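Below is one structure; the comments refer to it alone.
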Amino acid sequence: MKKGIVISLQVVVILLLSVSVLGSEMRAVNPTNCLQGTGTTCVGPAETITGMVVSAGMGSGLVLNTGTTEEVVYGLGPQGYWEANDVDRPDVGEIVTVLVSHIKCTDKRVIIEITIGDIILELRDPLTCFPLWR
């Protein structure tokens with residue numbers, strides 16, 4: 001009986017140590033809690049880009065031809081958000097203007113707001129980059 005209790009305690013200690021080591025490794029890989037929950041924040045000044053839509057992905061983003069370069073921007077959000085705001089997503093060939101910002105811990109730029117013709121749709125909070133559809 002004592003031998004069973006000792007073995008059980010050893011197993012529990014090993015499991016606890018394993019979880020502790022795993023947790024510290026995860027913190028080491030991700031020391032600033034990048035992109036987790038409310039850790040999502042805009043970094044640096046916002047940038048305005050105007051261009052023709054070359055490619056539009058469902059929920060993922062846009063490729064814009066500015067006349068000199070092709071710029072990739074992310075964060076269109078779900079179709080339901082666009083429908084709730086009575087705005088059509090941009091089509092290939094349309095000219096749009098986007099206000100974008102980098103998100104902490106990534107080189108991707110996300111759309112804060114988009115202008116299509118005379119319609120402006122805000123997609124993210126400009127201070128936190130938190131999506132407005134959530």
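Letters for chains follow the order of the structure tokens (A, B, ...), residue numbers begin at 1 for each chain, and ligand numbers begin at 1 in the order shown.
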Spatial neighbours of Asp107 in chain A, 12 Å, only C-alpha atoms, chain gap at least 5 places, as an MDAnalysis selection string
chainID A and resid 42:44 72:74 100:102
For Ile119 in chain A: contacts at 9 Å, only C-alpha atoms, fewer than 4 positions along chain excluded, given as a PyMOL selection string:
chain A and resi 87+114-115
Check the DSSP output for the backbone and give back, as a list in words, the residues of range 31-91 of chain A in helix (DSSP H, G or I).
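DSSP-assigned helix (DSSP H, G or I) residues in range 31-91 of chain A: Gly37, Thr38, Gly39, Gln79, Gly80, Tyr81, Trp82, Glu83 and Ala84 of chain A.
Closest approach to Arg109 in chain A among A:Thr41, A:Ser55, A:Asn85, A:Thr68 is made by A:Thr41 (distances from only C-alpha atoms).
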Within 9 Å of Ile112 in chain A, counting only C-alpha atoms, which residues show up once you throw out same-chain ones fewer than 4 positions away? Write them as a list in words, please.
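Near Ile112 in chain A, the qualifying residues are Ala46, Gly75, Val98, Leu99, Val100, Ser101, Leu121, Glu122, Leu123, Arg124, Asp125, Pro126, Cys129 and Pro131 of chain A.
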Dump of N, CA and C atoms for the selected residues, as a short mmCIF file (atom, residue, chain, number, x, y, z; two decimals), in the first residue's frame:
data_model
loop_
_atom_site.label_atom_id
_atom_site.label_comp_id
_atom_site.auth_asym_id
_atom_site.auth_seq_id
_atom_site.Cartn_x
_atom_site.Cartn_y
_atom_site.Cartn_z
N ALA A 46 -0.65 54.99 -37.95
CA ALA A 46 -1.52 54.42 -38.99
C ALA A 46 -1.06 54.94 -40.34
N GLY A 75 -7.62 41.64 -42.58
CA GLY A 75 -8.64 41.94 -41.59
C GLY A 75 -9.94 42.50 -42.11
N VAL A 98 -7.67 52.50 -47.59
CA VAL A 98 -7.68 51.83 -46.30
C VAL A 98 -6.74 52.55 -45.34
N LEU A 99 -7.18 52.64 -44.10
CA LEU A 99 -6.33 53.10 -43.01
C LEU A 99 -5.87 51.83 -42.32
N VAL A 100 -4.55 51.61 -42.29
CA VAL A 100 -4.02 50.36 -41.75
C VAL A 100 -3.03 50.64 -40.63
N SER A 101 -2.83 49.63 -39.81
CA SER A 101 -1.85 49.71 -38.74
C SER A 101 -1.22 48.34 -38.56
N LEU A 121 -16.29 52.37 -43.69
CA LEU A 121 -16.65 51.33 -42.74
C LEU A 121 -15.48 51.12 -41.79
N GLU A 122 -15.75 51.31 -40.50
CA GLU A 122 -14.74 51.04 -39.49
C GLU A 122 -14.74 49.55 -39.19
N LEU A 123 -13.54 48.95 -39.19
CA LEU A 123 -13.42 47.52 -38.95
C LEU A 123 -12.78 47.21 -37.60
N ARG A 124 -11.94 48.11 -37.10
CA ARG A 124 -11.22 47.88 -35.84
C ARG A 124 -11.16 49.15 -35.03
N ASP A 125 -11.03 48.96 -33.72
CA ASP A 125 -10.79 50.08 -32.83
C ASP A 125 -9.40 50.63 -33.14
N PRO A 126 -9.26 51.94 -33.40
CA PRO A 126 -7.96 52.48 -33.80
C PRO A 126 -6.88 52.44 -32.71
N CYS A 129 -6.76 47.96 -32.01
CA CYS A 129 -6.85 47.07 -33.18
C CYS A 129 -7.83 45.93 -32.96
N PRO A 131 -11.07 43.89 -33.28
CA PRO A 131 -12.11 43.87 -34.31
C PRO A 131 -13.46 44.32 -33.76
#
List the neighbours of range 92-94 of chain A out to 10 Å using only C-alpha atoms; skip same-chain residues closer than 5 positions along the sequence, and give me the result as a PyMOL selection string.
chain A and resi 51-56+62-65+116-117
Print the selection's residues with C-alpha atoms to a file, as a PDB file, in the first residue's frame.
ATOM      1  CA  GLY A  51      -5.316  51.455 -54.671  1.00  0.00           C
ATOM      2  CA  MET A  52      -7.250  49.206 -56.974  1.00  0.00           C
ATOM      3  CA  VAL A  53      -8.320  45.842 -55.569  1.00  0.00           C
ATOM      4  CA  VAL A  54      -6.339  43.150 -57.371  1.00  0.00           C
ATOM      5  CA  SER A  55      -7.422  40.299 -55.109  1.00  0.00           C
ATOM      6  CA  ALA A  56     -10.028  40.009 -52.368  1.00  0.00           C
ATOM      7  CA  LEU A  62      -6.937  42.533 -49.928  1.00  0.00           C
ATOM      8  CA  VAL A  63      -4.145  43.025 -52.412  1.00  0.00           C
ATOM      9  CA  LEU A  64      -4.146  46.629 -53.606  1.00  0.00           C
ATOM     10  CA  ASN A  65      -2.312  47.983 -56.655  1.00  0.00           C
ATOM     11  CA  ILE A 116     -15.237  52.412 -50.859  1.00  0.00           C
ATOM     12  CA  GLY A 117     -16.561  55.264 -52.964  1.00  0.00           C
TER      13      GLY A 117
END
